[in-house]
file input26.txt (compact mmCIF, C-alpha atoms)
# COMPACT_ATOMS: atom_id res chain seq x y z
CA MET A 1 26.27 -37.86 -23.33
CA ALA A 2 28.48 -40.17 -21.30
CA GLN A 3 26.51 -39.28 -18.15
CA SER A 4 23.23 -40.87 -19.25
CA LYS A 5 24.28 -44.51 -19.22
CA PRO A 6 25.61 -44.56 -15.66
CA ASN A 7 22.42 -42.99 -14.33
CA LEU A 8 20.24 -45.60 -15.92
CA ILE A 9 22.43 -48.57 -15.16
CA GLN A 10 23.58 -47.61 -11.67
CA GLY A 11 20.08 -46.84 -10.50
CA THR A 12 19.22 -50.48 -10.86
CA LEU A 13 21.59 -51.68 -8.16
CA ALA A 14 18.87 -51.77 -5.50
CA MET A 15 16.64 -53.76 -7.83
CA LEU A 16 19.43 -56.22 -8.61
CA ILE A 17 20.21 -56.68 -4.92
CA LEU A 18 16.54 -57.28 -4.16
CA LYS A 19 16.35 -59.78 -7.00
CA ALA A 20 19.50 -61.58 -5.81
CA LEU A 21 17.99 -61.87 -2.33
CA SER A 22 14.63 -63.08 -3.60
CA ARG A 23 15.96 -66.65 -3.71
CA GLY A 24 17.11 -66.63 -0.11
CA GLN A 25 19.51 -64.98 2.30
CA LEU A 26 23.03 -64.09 1.15
CA HIS A 27 26.01 -62.18 2.52
CA GLY A 28 27.51 -59.25 0.65
CA TYR A 29 30.11 -61.20 -1.29
CA GLU A 30 27.53 -63.75 -2.40
CA ILE A 31 25.27 -60.94 -3.61
CA VAL A 32 28.07 -59.61 -5.85
CA GLN A 33 28.73 -63.11 -7.15
CA ARG A 34 25.05 -63.80 -7.76
CA ILE A 35 24.57 -60.61 -9.78
CA GLN A 36 27.67 -61.23 -11.86
CA GLN A 37 26.84 -64.87 -12.50
CA SER A 38 23.21 -64.17 -13.35
CA SER A 39 24.28 -61.53 -15.88
CA GLU A 40 26.90 -63.93 -17.28
CA ASP A 41 29.62 -61.49 -16.21
CA VAL A 42 28.23 -58.59 -18.22
CA LEU A 43 27.36 -56.56 -15.13
CA LYS A 44 30.08 -55.81 -12.67
CA VAL A 45 29.23 -54.45 -9.23
CA GLU A 46 31.90 -52.25 -7.72
CA GLU A 47 32.29 -54.27 -4.59
CA GLY A 48 32.76 -51.67 -1.88
CA SER A 49 29.84 -49.65 -3.21
CA LEU A 50 27.51 -52.52 -2.47
CA TYR A 51 27.61 -51.97 1.30
CA PRO A 52 26.32 -48.38 1.51
CA ALA A 53 23.48 -49.58 -0.74
CA LEU A 54 22.77 -52.51 1.58
CA TYR A 55 22.78 -50.28 4.67
CA ARG A 56 20.47 -47.78 3.01
CA MET A 57 18.11 -50.54 1.93
CA GLU A 58 18.13 -51.98 5.43
CA GLU A 59 17.27 -48.54 6.78
CA GLN A 60 14.36 -48.35 4.35
CA GLY A 61 13.11 -51.69 5.62
CA TRP A 62 13.49 -53.53 2.32
CA ILE A 63 16.00 -56.00 3.72
CA GLU A 64 17.03 -57.19 7.16
CA ALA A 65 20.36 -58.49 8.33
CA GLU A 66 21.41 -61.17 10.75
CA TRP A 67 24.83 -62.45 11.77
CA GLY A 68 25.40 -66.14 11.13
CA ALA A 69 28.10 -68.63 10.26
CA SER A 70 29.38 -68.83 6.70
CA GLU A 71 30.24 -72.06 4.87
CA ASN A 72 33.78 -71.87 6.25
CA ASN A 73 32.48 -71.21 9.77
CA ARG A 74 33.37 -67.54 9.70
CA ARG A 75 31.01 -64.99 11.20
CA ALA A 76 29.11 -63.38 8.32
CA LYS A 77 26.26 -60.91 8.02
CA TYR A 78 23.40 -62.34 5.99
CA TYR A 79 20.76 -60.23 4.33
CA LYS A 80 17.24 -61.30 3.46
CA LEU A 81 14.20 -59.68 1.90
CA THR A 82 11.41 -58.30 4.03
CA ARG A 83 7.82 -58.12 2.90
CA ALA A 84 8.37 -54.45 2.01
CA GLY A 85 11.41 -55.53 0.00
CA ARG A 86 9.36 -57.97 -2.04
CA LYS A 87 6.86 -55.24 -2.83
CA GLN A 88 9.68 -52.88 -3.76
CA LEU A 89 11.18 -55.51 -6.04
CA ALA A 90 7.86 -55.85 -7.85
CA VAL A 91 7.60 -52.06 -8.23
CA GLU A 92 11.17 -51.64 -9.45
CA THR A 93 10.92 -54.57 -11.85
CA SER A 94 7.74 -53.17 -13.32
CA ASN A 95 9.29 -49.69 -13.66
CA TRP A 96 12.38 -51.14 -15.28
CA GLU A 97 10.35 -53.17 -17.78
CA ARG A 98 8.33 -50.11 -18.75
CA LEU A 99 11.47 -48.04 -19.12
CA SER A 100 13.45 -50.57 -21.14
CA GLU A 101 10.44 -51.23 -23.35
CA ALA A 102 10.10 -47.50 -23.99
CA ILE A 103 13.78 -47.12 -24.83
CA THR A 104 13.66 -50.14 -27.14
CA LYS A 105 10.70 -48.59 -28.97
CA VAL A 106 12.58 -45.32 -29.40
CA LEU A 107 15.67 -47.10 -30.68
CA ARG A 108 13.65 -49.07 -33.19
CA THR A 109 11.74 -46.11 -34.54
CA ALA A 110 14.16 -43.18 -34.35
CA MET B 1 6.61 -55.88 13.36
CA ALA B 2 9.79 -56.05 11.31
CA THR B 3 10.28 -52.31 11.86
CA ILE B 4 9.92 -52.71 15.62
CA LYS B 5 12.41 -55.59 15.60
CA LEU B 6 14.84 -53.55 13.52
CA THR B 7 14.40 -50.52 15.80
CA LEU B 8 15.07 -52.54 18.95
CA ARG B 9 18.07 -54.24 17.36
CA ARG B 10 19.55 -50.92 16.22
CA LEU B 11 18.98 -49.31 19.62
CA GLY B 12 20.67 -52.28 21.20
CA ALA B 13 23.53 -51.81 18.78
CA ARG B 14 23.72 -48.13 19.73
CA ILE B 15 24.05 -49.04 23.40
CA ARG B 16 27.00 -51.27 22.55
CA LYS B 17 28.32 -48.68 20.09
CA GLU B 18 31.87 -49.94 19.82
CA ALA B 19 30.71 -53.45 18.99
CA ALA B 20 28.39 -52.03 16.34
CA ASP B 21 31.20 -50.07 14.71
CA HIS B 22 33.34 -53.21 14.68
CA GLU B 23 30.52 -55.05 12.98
CA VAL B 24 30.72 -52.76 9.96
CA GLU B 25 34.47 -53.28 9.76
CA ASP B 26 34.15 -57.05 10.25
CA GLU B 27 31.63 -57.27 7.45
CA LEU B 28 33.77 -55.32 4.99
CA ARG B 29 36.93 -57.24 5.92
CA PHE B 30 35.09 -60.52 5.46
CA HIS B 31 34.26 -59.50 1.90
CA ILE B 32 37.91 -58.70 1.12
CA GLU B 33 39.02 -61.99 2.65
CA LEU B 34 36.63 -63.97 0.48
CA ARG B 35 37.77 -62.13 -2.65
CA THR B 36 41.40 -62.78 -1.68
CA ARG B 37 40.65 -66.47 -1.14
CA ASP B 38 38.98 -66.75 -4.56
CA ASN B 39 41.87 -64.88 -6.21
CA ILE B 40 44.37 -67.33 -4.71
CA ALA B 41 42.21 -70.24 -5.82
CA ALA B 42 42.27 -68.75 -9.33
CA GLY B 43 46.08 -68.89 -9.31
CA MET B 44 47.20 -65.47 -8.05
CA SER B 45 50.06 -65.09 -5.62
CA PRO B 46 48.90 -64.12 -2.10
CA GLU B 47 50.30 -60.58 -2.52
CA ASP B 48 48.59 -60.07 -5.86
CA ALA B 49 45.40 -61.61 -4.50
CA VAL B 50 45.23 -59.13 -1.62
CA ALA B 51 46.12 -56.18 -3.86
CA ASP B 52 43.44 -57.13 -6.37
CA ALA B 53 40.85 -57.62 -3.62
CA MET B 54 41.63 -54.18 -2.18
CA ARG B 55 41.53 -52.55 -5.61
CA ARG B 56 38.18 -54.10 -6.45
CA PHE B 57 36.77 -53.05 -3.10
CA GLY B 58 37.78 -49.39 -3.31
CA ASP B 59 38.51 -46.94 -0.50
CA PHE B 60 37.94 -49.11 2.57
CA ASP B 61 37.96 -46.33 5.18
CA HIS B 62 35.66 -44.12 3.18
CA ILE B 63 33.14 -46.89 2.57
CA ARG B 64 33.24 -47.89 6.23
CA ALA B 65 32.64 -44.27 7.25
CA ILE B 66 29.66 -44.01 4.91
CA CYS B 67 28.13 -47.23 6.28
CA GLU B 68 28.58 -46.09 9.86
CA GLU B 69 27.14 -42.69 9.04
CA ILE B 70 24.03 -44.21 7.47
CA ARG B 71 23.49 -46.23 10.62
CA LYS B 72 24.07 -43.23 12.90
CA GLU B 73 21.87 -40.97 10.80
CA TRP B 74 18.98 -43.33 11.35
CA LEU B 75 19.66 -43.57 15.08
CA ALA B 76 19.94 -39.80 15.34
CA GLY B 77 16.37 -39.59 14.02
CA VAL B 78 15.18 -42.03 16.68
CA MET B 79 17.03 -40.13 19.42
CA LYS B 80 15.44 -36.88 18.25
CA VAL B 81 12.03 -38.44 18.85
CA ILE B 82 13.16 -39.66 22.28
CA LYS B 83 14.36 -36.16 23.15
CA GLY B 84 11.00 -34.78 22.09
CA ILE B 85 9.27 -37.26 24.39
CA THR B 86 11.37 -36.08 27.35
CA TRP B 87 10.11 -32.52 26.87
CA ILE B 88 6.53 -33.81 26.73
CA ILE B 89 7.07 -35.71 29.99
CA ILE B 90 8.55 -32.63 31.65
CA GLY B 91 5.69 -30.50 30.30
CA CYS B 92 3.09 -32.93 31.68
CA GLY B 93 4.89 -32.98 35.02
CA LEU B 94 4.91 -29.18 35.24
CA THR B 95 1.25 -28.96 34.27
CA LEU B 96 0.27 -31.45 36.98
CA LYS B 97 2.44 -29.73 39.56
CA MET B 98 1.06 -26.27 38.82
CA SER B 99 -2.60 -27.06 38.34
CA ALA B 100 -3.49 -30.16 40.35
CA GLY B 101 -5.12 -29.60 43.69
CA MET B 102 -4.40 -33.02 45.13
CA GLN B 103 -1.05 -33.65 46.75
CA ALA B 104 -0.84 -37.08 45.10
CA LEU B 105 -1.10 -35.55 41.62
CA ARG B 106 1.51 -32.93 42.47
CA ASP B 107 3.79 -35.78 43.56
CA VAL B 108 3.19 -37.48 40.21
CA GLY B 109 4.11 -34.17 38.57
CA ASP B 110 7.36 -34.00 40.54
CA PHE B 111 8.11 -37.59 39.58
CA LEU B 112 7.51 -36.94 35.87
CA ILE B 113 9.73 -33.84 35.93
CA LEU B 114 12.48 -35.83 37.61
CA ILE B 115 12.18 -38.72 35.13
CA GLY B 116 12.12 -36.31 32.19
CA LEU B 117 15.21 -34.44 33.38
CA LEU B 118 17.12 -37.65 34.12
CA TRP B 119 16.22 -39.04 30.70
CA ARG B 120 17.28 -35.81 29.00
CA LEU B 121 20.57 -35.87 30.95
CA LEU B 122 21.15 -39.50 29.98
CA VAL B 123 20.58 -38.76 26.30
CA HIS B 124 22.93 -35.78 26.55
CA LEU B 125 25.62 -37.81 28.30
CA ARG B 126 25.46 -40.46 25.59
CA GLY B 127 26.75 -37.71 23.32
CA ILE B 128 24.08 -38.13 20.71
CA GLN B 129 23.89 -34.84 18.90
CA PRO B 130 21.90 -35.03 15.67
CA SER B 131 23.16 -31.62 14.52
CA GLN B 132 26.78 -32.76 14.82
CA ARG B 133 25.89 -35.90 12.94
CA ARG B 134 24.51 -33.78 10.12
CA ILE B 135 27.75 -31.80 9.94
CA LYS B 136 29.75 -35.02 9.76
CA ALA B 137 27.40 -36.31 7.11
CA ALA B 138 27.86 -33.10 5.11
CA GLN B 139 31.62 -33.53 5.31
CA LEU B 140 31.30 -37.07 4.01
CA MET B 141 29.10 -35.87 1.18
CA ILE B 142 31.75 -33.38 0.14
CA VAL B 143 34.46 -36.05 0.26
CA GLY B 144 32.23 -38.40 -1.70
CA GLY B 145 31.44 -35.70 -4.23
CA THR B 146 27.74 -36.48 -4.12
CA ARG B 147 24.61 -34.84 -2.83
CA THR B 148 23.40 -37.79 -0.78
CA ILE B 149 25.28 -40.04 1.58
CA GLY B 150 23.46 -43.21 0.75
CA ASP B 151 24.14 -45.24 -2.26
CA PHE B 152 27.36 -44.99 -4.19
CA SER B 153 26.00 -47.72 -6.39
CA ALA B 154 28.19 -48.45 -9.31
CA ILE B 155 27.63 -51.05 -11.90
CA SER B 156 29.62 -50.98 -15.06
CA LEU B 157 29.52 -52.85 -18.29
CA LYS B 158 32.46 -55.17 -18.73
CA GLU B 159 34.62 -52.89 -20.87
CA HIS B 160 33.55 -49.54 -19.43
CA THR B 161 33.85 -48.16 -15.95
CA PHE B 162 31.41 -45.42 -15.10
CA THR B 163 31.77 -42.75 -12.46
CA PRO B 164 29.74 -43.71 -9.39
CA VAL B 165 26.65 -41.58 -8.83
CA PRO B 166 24.08 -41.80 -6.05
CA ALA B 167 21.15 -44.03 -6.90
CA TYR B 168 18.74 -42.17 -4.67
CA ASP B 169 17.70 -38.55 -4.80
CA LYS B 170 16.77 -36.45 -1.77
CA ASP B 171 13.27 -37.99 -1.77
CA GLY B 172 14.70 -41.51 -1.68
CA ARG B 173 13.66 -42.33 -5.24
CA THR B 174 15.80 -44.37 -7.60
CA PRO B 175 16.67 -42.89 -11.01
CA VAL B 176 14.21 -45.30 -12.60
CA GLU B 177 11.43 -44.03 -10.35
CA ARG B 178 12.46 -40.46 -11.12
CA LEU B 179 12.30 -41.16 -14.84
CA ILE B 180 8.86 -42.69 -14.54
CA SER B 181 7.30 -40.16 -12.20
CA ASP B 182 9.01 -36.82 -12.87
CA GLU B 183 7.03 -34.27 -14.73
CA SER B 184 10.14 -33.39 -16.72
CA PRO B 185 12.07 -36.64 -17.28
CA GLY B 186 14.30 -34.83 -19.74
CA GLU B 187 16.27 -33.41 -16.83
CA THR B 188 17.45 -36.87 -15.83
CA ILE B 189 18.17 -38.22 -19.28
CA LYS B 190 20.75 -35.74 -20.46
call {"tool": "encode", "arguments": {"input": "input26.txt", "output": "structure tokens"}}
result
Amino acid sequence: MAQSKPNLIQGTLAMLILKALSRGQLHGYEIVQRIQQSSEDVLKVEEGSLYPALYRMEEQGWIEAEWGASENNRRAKYYKLTRAGRKQLAVETSNWERLSEAITKVLRTA
Amino acid sequence: MATIKLTLRRLGARIRKEAADHEVEDELRFHIELRTRDNIAAGMSPEDAVADAMRRFGDFDHIRAICEEIRKEWLAGVMKVIKGITWIIIGCGLTLKMSAGMQALRDVGDFLILIGLLWRLLVHLRGIQPSQRRIKAAQLMIVGGTRTIGDFSAISLKEHTFTPVPAYDKDGRTPVERLISDESPGETIK
């Protein structure tokens, strides 16, 4: 029973990253902050786990990275959405809405 | 176009391999530094701030290894294609050399064979061995306790920490996509 929640919630990390990047380029730390702030601290991203996800998404062509200077003039790697990433975000958002709607229906009727 | 840019950038990064490996480490360290800075700003002592940043981040070396492996896995695929092209070049060269009547075409054949062999030698000397990469990747998978290298995505609700599981299956689908498209979604929702 305890295994079902993580599967559903953790699978949304890519979608949340894509959504965070939809407003503009961010580095990894800012992505974590953006997700936590947007969820009003309900969702907590395990910070180190973010980077394998980012690398995988970059490999899939959903995001692209570029080194730049951060606000404190440190060298930072910034990620931004590609066109494929925007399409993927639309797909994942739609899937998520269908899924959550279905679960809500089950919870209300069962 | 974006794919071509990414490919060229990654190949460039492979040529300056050491710099590329440092880039992964630099990026991860930058994250820990920012978390430490914010912790100090929130009133923690520097020692506590660093310890908390490290704890939140997780196993640094393991995460770095996974990131580097994802990058290398992709490059190994590209190099496999390049290796395949070298055999095609050598094959074309041999065909021209054996069958062409004109001396000029036989010379082209010799040239292609030479180029193909030199290219193959260069690739070999760069030490890019996709099969070895796969073994390394398999070792990482065992250490990580997962079936895929990719995404150790882990989001938890505030009061509960869940065990990290890979977000992607072997076909690259997210759990949500699996739930939507699988013929037997019951297998995923246990």
call {"tool": "atom_distance", "arguments": {"input": "input26.txt", "atom1": "CA of Ser49 (chain A)", "atom2": "CA of Met79 (chain B)"}}
result
27.7 Å
call {"tool": "closest_atom_pairs", "arguments": {"input": "input26.txt", "of": "chain A", "to": "chain B", "cutoff": "10 Å", "atoms": "all atoms listed in the file", "output": "CSV"}}
result
residue,atom,partner,partner_atom,distance
A:Met1,CA,B:Lys190,CA,6.6
A:Ala2,CA,B:Phe162,CA,8.6
A:Gln3,CA,B:Lys190,CA,7.1
A:Ser4,CA,B:Ile189,CA,5.7
A:Lys5,CA,B:Phe162,CA,8.3
A:Pro6,CA,B:Phe162,CA,5.9
A:Asn7,CA,B:Pro175,CA,6.6
A:Leu8,CA,B:Pro175,CA,6.6
A:Ile9,CA,B:Ile155,CA,6.6
A:Gln10,CA,B:Ala154,CA,5.2
A:Gly11,CA,B:Ala167,CA,4.7
A:Thr12,CA,B:Val176,CA,7.4
A:Leu13,CA,B:Ser153,CA,6.2
A:Ala14,CA,B:Ala167,CA,8.2
A:Met15,CA,B:Thr174,CA,9.4
A:His27,CA,B:His31,CA,8.7
A:Gly28,CA,B:His31,CA,6.9
A:Tyr29,CA,B:His31,CA,5.5
A:Glu30,CA,B:His31,CA,9.0
A:Val32,CA,B:His31,CA,9.9
A:Asp41,CA,B:Lys158,CA,7.4
A:Val42,CA,B:Lys158,CA,5.5
A:Leu43,CA,B:Leu157,CA,5.3
A:Lys44,CA,B:Ser156,CA,5.4
A:Val45,CA,B:Ile155,CA,4.6
A:Glu46,CA,B:Ala154,CA,5.5
A:Glu47,CA,B:Phe57,CA,4.9
A:Gly48,CA,B:Phe57,CA,4.4
A:Ser49,CA,B:Ser153,CA,5.3
A:Leu50,CA,B:Ser153,CA,6.4
A:Tyr51,CA,B:Cys67,CA,6.9
A:Pro52,CA,B:Cys67,CA,5.2
A:Ala53,CA,B:Asp151,CA,4.6
A:Leu54,CA,B:Asp151,CA,8.3
A:Tyr55,CA,B:Cys67,CA,6.4
A:Arg56,CA,B:Gly150,CA,5.9
A:Met57,CA,B:Asp151,CA,9.1
A:Glu58,CA,B:Leu6,CA,8.9
A:Glu59,CA,B:Trp74,CA,7.1
A:Gln60,CA,B:Gly172,CA,9.1
A:Gly61,CA,B:Thr3,CA,6.9
A:Ile63,CA,B:Ala2,CA,9.8
A:Glu64,CA,B:Leu6,CA,7.6
A:Ala65,CA,B:Leu6,CA,9.0
A:Trp67,CA,B:Glu23,CA,9.4
A:Arg74,CA,B:Phe30,CA,8.4
A:Arg75,CA,B:Phe30,CA,8.3
A:Ala76,CA,B:Glu27,CA,6.7
A:Lys77,CA,B:Glu27,CA,6.5
A:Tyr78,CA,B:Glu27,CA,9.8
A:Thr82,CA,B:Ala2,CA,7.8
A:Arg83,CA,B:Ala2,CA,8.9
A:Ala84,CA,B:Ala2,CA,9.5
A:Val91,CA,B:Glu177,CA,9.1
A:Glu92,CA,B:Glu177,CA,7.7
A:Thr93,CA,B:Val176,CA,9.9
A:Asn95,CA,B:Val176,CA,6.7
A:Trp96,CA,B:Val176,CA,6.7
A:Arg98,CA,B:Ile180,CA,8.5
A:Leu99,CA,B:Ile180,CA,7.5
call {"tool": "atom_distance", "arguments": {"input": "input26.txt", "atom1": "CA of Gln36 (chain A)", "atom2": "CA of Tyr79 (chain A)"}}
result
17.6 Å
call {"tool": "atom_distance", "arguments": {"input": "input26.txt", "atom1": "CA of Lys19 (chain A)", "atom2": "CA of Glu66 (chain A)"}}
result
18.5 Å
call {"tool": "residues_around", "arguments": {"input": "input26.txt", "residues": "Arg37 (chain B)", "least_positions_apart": "5", "cutoff": "9 Å", "atoms": "only C-alpha atoms", "output": "PyMOL selection string"}}
result
chain B and resi 32+42+46+49-50
call {"tool": "write_last_selection", "arguments": {"input": "input26.txt", "atoms": "C-alpha atoms", "output": "CSV table (one decimal), keeping the file's coordinate frame"}}
result
chain,number,residue,atom,x,y,z
B,32,ILE,CA,37.9,-58.7,1.1
B,42,ALA,CA,42.3,-68.8,-9.3
B,46,PRO,CA,48.9,-64.1,-2.1
B,49,ALA,CA,45.4,-61.6,-4.5
B,50,VAL,CA,45.2,-59.1,-1.6
call {"tool": "closest_residue", "arguments": {"input": "input26.txt", "among": "B:Met98, B:Ile82, B:Asp61, B:Ile90", "to": "Ile113 (chain B)", "atoms": "all atoms listed in the file"}}
result
B:Ile90
call {"tool": "closest_residue", "arguments": {"input": "input26.txt", "among": "B:Ala76, B:Leu118, B:Ile40, B:Val108", "to": "Gly93 (chain B)", "atoms": "all atoms listed in the file"}}
result
B:Val108
call {"tool": "residues_around", "arguments": {"input": "input26.txt", "residues": "Lys97 (chain B)", "least_positions_apart": "3", "cutoff": "10 Å", "atoms": "all atoms listed in the file", "output": "PDB file with C-alpha atoms, in the frame of the given file"}}
result
ATOM      1  CA  GLY B  91       5.690 -30.500  30.300  1.00  0.00           C
ATOM      2  CA  CYS B  92       3.090 -32.930  31.680  1.00  0.00           C
ATOM      3  CA  GLY B  93       4.890 -32.980  35.020  1.00  0.00           C
ATOM      4  CA  LEU B  94       4.910 -29.180  35.240  1.00  0.00           C
ATOM      5  CA  ALA B 100      -3.490 -30.160  40.350  1.00  0.00           C
ATOM      6  CA  GLY B 101      -5.120 -29.600  43.690  1.00  0.00           C
ATOM      7  CA  MET B 102      -4.400 -33.020  45.130  1.00  0.00           C
ATOM      8  CA  GLN B 103      -1.050 -33.650  46.750  1.00  0.00           C
ATOM      9  CA  ALA B 104      -0.840 -37.080  45.100  1.00  0.00           C
ATOM     10  CA  LEU B 105      -1.100 -35.550  41.620  1.00  0.00           C
ATOM     11  CA  ARG B 106       1.510 -32.930  42.470  1.00  0.00           C
ATOM     12  CA  ASP B 107       3.790 -35.780  43.560  1.00  0.00           C
ATOM     13  CA  VAL B 108       3.190 -37.480  40.210  1.00  0.00           C
ATOM     14  CA  GLY B 109       4.110 -34.170  38.570  1.00  0.00           C
ATOM     15  CA  ASP B 110       7.360 -34.000  40.540  1.00  0.00           C
ATOM     16  CA  PHE B 111       8.110 -37.590  39.580  1.00  0.00           C
ATOM     17  CA  LEU B 112       7.510 -36.940  35.870  1.00  0.00           C
ATOM     18  CA  ILE B 113       9.730 -33.840  35.930  1.00  0.00           C
TER      19      ILE B 113
END
call {"tool": "closest_residue", "arguments": {"input": "input26.txt", "among": "A:Thr104, A:Thr109, A:Gln33, A:Trp62", "to": "Ala90 (chain A)", "atoms": "only C-alpha atoms"}}
result
A:Trp62
